[in-house]
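S.K.: Supplied in structure tokens, the structure appears directly below.
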Amino acid sequence: MKRILLIVCFMLCTVGCTNINKMNYKDIVNETIKKNSNNKIYNRSSKGYKYYLPKYMSVIDDKDYNEKISSNKYSYYLFIDIISYYNNSKITCNNDSYYFSNNNIEGCLKVNNNNDKYYIEIIYNYAKIEVKVDKEDINNAINNSIIILSTIKYDRDIIDNLIGDNNINSKEENLSIFDNNVSNDNFLDIMEEYDKYEEEEDVIPDYDIIN
């Protein structure tokens, strides 16, 4: 009996993955938003916002509205732009981006080849996710990103207090993801270099070794 249940579960998972892999970017975005935008389950919260993080993903770093999220062999970089949320800012997608919207919430999706990887940038619901993946994992990465972005819920009172009390510094305000100049920068490359720098700092030298 247990063996039959395992086989059925495996088949269901396989069918789900196959469907995603056969879908185009537009359908993945629209279907994922449709399934998750009304989700009332939140398992991840921070200062002024919360969202649903899939169980197979985990936050490994959280600093100044920038989160590094790990899933299998990839790292997703999430940036929450509470300044744009506070100001109810509009976004402008580049010509090579796919524009989408749901309930007056606008978004942009861009997928570019970056050497042997594919660079994915998604802006939606006053937040952005960037990730580099292999070609065969593009659709899953888009699905994962949209699940997170579409379930973000902001706490207006907390954000009003933060901005009203000047707890958000000017540096963060200048990093608005809806600024065309900023959105064209490769934020992911900057974060990856920052991660490498932090890893190097964490290494404790062995002074017993003689060069």
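Ligands are numbered from 1 in the order shown, residues from 1 within each chain, and chains are lettered A, B, ... in the order they appear in the structure tokens.
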Neighbours of region 62-66 of chain A within 9 Å (only C-alpha atoms; same-chain residues fewer than 3 positions away dropped), as a VMD selection string?

M.R.: chain A and resid 46 to 47 59 69 77 to 82 172

S.K.: Considering only C-alpha atoms, return as a PyMOL selection string whatever protein or nucleic-acid residues lie within 9 Å of region 148-159 of chain A, sequence-local ones (same chain, fewer than 4 positions apart) excluded.

M.R.: chain A and resi 32-34+36-42+47-54+78+82-83+85-86+122-129+143-144+163-164

S.K.: What residues in region 46-146 of chain A get the DSSP label strand (DSSP E)? Please answer as an mmCIF file with N, CA and C atoms, in the first residue's frame.

M.R.:
data_model
loop_
_atom_site.group_PDB
_atom_site.id
_atom_site.type_symbol
_atom_site.label_atom_id
_atom_site.label_comp_id
_atom_site.auth_asym_id
_atom_site.auth_seq_id
_atom_site.Cartn_x
_atom_site.Cartn_y
_atom_site.Cartn_z
ATOM 1 N N SER A 46 9.248 39.941 8.035
ATOM 2 C CA SER A 46 10.350 40.833 8.370
ATOM 3 C C SER A 46 9.757 42.202 8.682
ATOM 4 N N TYR A 49 6.746 43.679 6.241
ATOM 5 C CA TYR A 49 6.202 42.827 5.194
ATOM 6 C C TYR A 49 6.281 41.356 5.597
ATOM 7 N N LYS A 50 5.503 40.540 4.892
ATOM 8 C CA LYS A 50 5.548 39.093 5.094
ATOM 9 C C LYS A 50 5.176 38.425 3.775
ATOM 10 N N TYR A 51 5.503 37.146 3.646
ATOM 11 C CA TYR A 51 5.182 36.424 2.422
ATOM 12 C C TYR A 51 5.250 34.924 2.672
ATOM 13 N N SER A 58 14.828 28.317 1.517
ATOM 14 C CA SER A 58 15.167 28.828 2.839
ATOM 15 C C SER A 58 15.934 30.135 2.722
ATOM 16 N N VAL A 59 15.690 31.043 3.673
ATOM 17 C CA VAL A 59 16.401 32.320 3.716
ATOM 18 C C VAL A 59 17.716 32.113 4.451
ATOM 19 N N ILE A 60 18.818 32.453 3.801
ATOM 20 C CA ILE A 60 20.131 32.268 4.426
ATOM 21 C C ILE A 60 20.795 33.597 4.778
ATOM 22 N N ASP A 61 20.189 34.703 4.342
ATOM 23 C CA ASP A 61 20.712 36.017 4.725
ATOM 24 C C ASP A 61 19.604 37.046 4.579
ATOM 25 N N ASP A 62 19.533 37.983 5.515
ATOM 26 C CA ASP A 62 18.488 39.007 5.510
ATOM 27 C C ASP A 62 19.074 40.290 6.088
ATOM 28 N N LYS A 63 19.221 41.310 5.236
ATOM 29 C CA LYS A 63 19.820 42.561 5.687
ATOM 30 C C LYS A 63 19.302 43.721 4.853
ATOM 31 N N ASN A 66 17.101 43.256 1.871
ATOM 32 C CA ASN A 66 17.687 42.369 0.871
ATOM 33 C C ASN A 66 17.794 40.973 1.479
ATOM 34 N N GLU A 67 17.202 39.987 0.817
ATOM 35 C CA GLU A 67 17.260 38.622 1.318
ATOM 36 C C GLU A 67 17.921 37.704 0.287
ATOM 37 N N LYS A 68 18.734 36.807 0.784
ATOM 38 C CA LYS A 68 19.316 35.771 -0.066
ATOM 39 C C LYS A 68 18.600 34.473 0.263
ATOM 40 N N ILE A 69 17.973 33.888 -0.737
ATOM 41 C CA ILE A 69 17.158 32.701 -0.559
ATOM 42 C C ILE A 69 17.790 31.539 -1.321
ATOM 43 N N SER A 70 17.925 30.414 -0.651
ATOM 44 C CA SER A 70 18.550 29.247 -1.260
ATOM 45 C C SER A 70 17.495 28.220 -1.661
ATOM 46 N N SER A 71 17.691 27.631 -2.849
ATOM 47 C CA SER A 71 16.818 26.557 -3.318
ATOM 48 C C SER A 71 17.637 25.620 -4.184
ATOM 49 N N TYR A 74 20.673 26.853 -6.481
ATOM 50 C CA TYR A 74 20.630 28.259 -6.874
ATOM 51 C C TYR A 74 20.365 29.180 -5.679
ATOM 52 N N SER A 75 20.819 30.436 -5.829
ATOM 53 C CA SER A 75 20.546 31.477 -4.847
ATOM 54 C C SER A 75 19.670 32.547 -5.494
ATOM 55 N N TYR A 76 18.571 32.860 -4.843
ATOM 56 C CA TYR A 76 17.662 33.905 -5.303
ATOM 57 C C TYR A 76 17.903 35.150 -4.450
ATOM 58 N N TYR A 77 17.978 36.313 -5.094
ATOM 59 C CA TYR A 77 18.182 37.562 -4.371
ATOM 60 C C TYR A 77 16.897 38.379 -4.419
ATOM 61 N N LEU A 78 16.320 38.600 -3.251
ATOM 62 C CA LEU A 78 15.057 39.326 -3.121
ATOM 63 C C LEU A 78 15.318 40.717 -2.546
ATOM 64 N N PHE A 79 14.804 41.734 -3.226
ATOM 65 C CA PHE A 79 14.907 43.109 -2.746
ATOM 66 C C PHE A 79 13.508 43.672 -2.568
ATOM 67 N N ILE A 80 13.184 44.076 -1.356
ATOM 68 C CA ILE A 80 11.884 44.671 -1.044
ATOM 69 C C ILE A 80 12.010 46.190 -1.108
ATOM 70 N N TYR A 98 8.934 41.354 -20.486
ATOM 71 C CA TYR A 98 7.515 41.003 -20.591
ATOM 72 C C TYR A 98 6.762 41.726 -19.493
ATOM 73 N N TYR A 99 5.784 42.550 -19.862
ATOM 74 C CA TYR A 99 4.977 43.310 -18.905
ATOM 75 C C TYR A 99 3.735 42.505 -18.538
ATOM 76 N N PHE A 100 3.391 42.510 -17.241
ATOM 77 C CA PHE A 100 2.168 41.838 -16.801
ATOM 78 C C PHE A 100 1.575 42.597 -15.627
ATOM 79 N N SER A 101 0.325 42.354 -15.330
ATOM 80 C CA SER A 101 -0.330 43.025 -14.206
ATOM 81 C C SER A 101 -1.464 42.164 -13.674
ATOM 82 N N ASN A 102 -1.794 42.372 -12.397
ATOM 83 C CA ASN A 102 -2.901 41.667 -11.763
ATOM 84 C C ASN A 102 -3.470 42.551 -10.665
ATOM 85 N N ILE A 105 -1.644 45.661 -9.971
ATOM 86 C CA ILE A 105 -0.250 45.519 -9.548
ATOM 87 C C ILE A 105 0.566 45.134 -10.776
ATOM 88 N N GLU A 106 1.542 45.965 -11.122
ATOM 89 C CA GLU A 106 2.294 45.780 -12.348
ATOM 90 C C GLU A 106 3.578 44.985 -12.117
ATOM 91 N N GLY A 107 4.041 44.357 -13.191
ATOM 92 C CA GLY A 107 5.270 43.589 -13.087
ATOM 93 C C GLY A 107 6.024 43.510 -14.402
ATOM 94 N N CYS A 108 7.303 43.151 -14.312
ATOM 95 C CA CYS A 108 8.158 42.973 -15.484
ATOM 96 C C CYS A 108 8.958 41.694 -15.316
ATOM 97 N N LEU A 109 9.157 40.993 -16.421
ATOM 98 C CA LEU A 109 9.986 39.786 -16.428
ATOM 99 C C LEU A 109 10.999 39.890 -17.555
ATOM 100 N N LYS A 110 12.263 39.618 -17.222
ATOM 101 C CA LYS A 110 13.316 39.633 -18.230
ATOM 102 C C LYS A 110 14.170 38.386 -18.055
ATOM 103 N N VAL A 111 14.443 37.695 -19.168
ATOM 104 C CA VAL A 111 15.313 36.524 -19.165
ATOM 105 C C VAL A 111 16.401 36.737 -20.209
ATOM 106 N N ASN A 112 17.657 36.785 -19.770
ATOM 107 C CA ASN A 112 18.775 37.000 -20.678
ATOM 108 C C ASN A 112 19.813 35.903 -20.528
ATOM 109 N N ASN A 113 20.414 35.545 -21.640
ATOM 110 C CA ASN A 113 21.521 34.593 -21.601
ATOM 111 C C ASN A 113 22.755 35.293 -21.057
ATOM 112 N N ASN A 114 23.379 34.681 -20.051
ATOM 113 C CA ASN A 114 24.554 35.262 -19.415
ATOM 114 C C ASN A 114 25.642 34.201 -19.372
ATOM 115 N N LYS A 117 24.877 30.623 -18.212
ATOM 116 C CA LYS A 117 23.686 30.669 -17.361
ATOM 117 C C LYS A 117 22.644 31.608 -17.962
ATOM 118 N N TYR A 118 21.432 31.543 -17.400
ATOM 119 C CA TYR A 118 20.378 32.463 -17.796
ATOM 120 C C TYR A 118 20.019 33.355 -16.618
ATOM 121 N N TYR A 119 20.080 34.651 -16.866
ATOM 122 C CA TYR A 119 19.824 35.654 -15.828
ATOM 123 C C TYR A 119 18.350 36.054 -15.856
ATOM 124 N N ILE A 120 17.661 35.832 -14.736
ATOM 125 C CA ILE A 120 16.234 36.132 -14.632
ATOM 126 C C ILE A 120 16.030 37.297 -13.672
ATOM 127 N N GLU A 121 15.278 38.277 -14.114
ATOM 128 C CA GLU A 121 14.939 39.430 -13.282
ATOM 129 C C GLU A 121 13.427 39.622 -13.323
ATOM 130 N N ILE A 122 12.805 39.601 -12.163
ATOM 131 C CA ILE A 122 11.347 39.778 -12.074
ATOM 132 C C ILE A 122 11.027 40.872 -11.063
ATOM 133 N N ILE A 123 10.258 41.858 -11.502
ATOM 134 C CA ILE A 123 9.790 42.935 -10.629
ATOM 135 C C ILE A 123 8.273 42.820 -10.533
ATOM 136 N N TYR A 124 7.779 42.751 -9.310
ATOM 137 C CA TYR A 124 6.330 42.648 -9.115
ATOM 138 C C TYR A 124 6.001 42.942 -7.656
ATOM 139 N N ALA A 127 8.634 44.652 -5.331
ATOM 140 C CA ALA A 127 9.802 43.845 -4.959
ATOM 141 C C ALA A 127 10.435 43.282 -6.217
ATOM 142 N N LYS A 128 11.664 42.825 -6.071
ATOM 143 C CA LYS A 128 12.381 42.261 -7.213
ATOM 144 C C LYS A 128 13.137 41.014 -6.788
ATOM 145 N N ILE A 129 13.162 40.031 -7.683
ATOM 146 C CA ILE A 129 13.977 38.825 -7.487
ATOM 147 C C ILE A 129 14.891 38.665 -8.692
ATOM 148 N N GLU A 130 16.150 38.353 -8.415
ATOM 149 C CA GLU A 130 17.116 38.059 -9.466
ATOM 150 C C GLU A 130 17.775 36.719 -9.173
ATOM 151 N N VAL A 131 18.005 35.939 -10.229
ATOM 152 C CA VAL A 131 18.609 34.617 -10.070
ATOM 153 C C VAL A 131 19.251 34.195 -11.384
ATOM 154 N N LYS A 132 20.339 33.454 -11.294
ATOM 155 C CA LYS A 132 20.972 32.860 -12.469
ATOM 156 C C LYS A 132 20.787 31.351 -12.410
ATOM 157 N N VAL A 133 20.304 30.774 -13.512
ATOM 158 C CA VAL A 133 20.027 29.335 -13.530
ATOM 159 C C VAL A 133 20.465 28.721 -14.851
#

S.K.: Suppose you want the space between CA of Asn115 (chain A) and CA of Glu136 (chain A); what is it in Å?

M.R.: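 The value is 14.7 Å.
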
S.K.: Where in region 87-150 of chain A does DSSP assign alpha helix (DSSP H), given as a list of chain:residue names?

M.R.: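 Here is the list: A:Asn87, A:Ile138, A:Asn139, A:Asn140, A:Ala141, A:Ile142, A:Asn143, A:Asn144, A:Ser145, A:Ile146, A:Ile147, A:Ile148, A:Leu149, A:Ser150.
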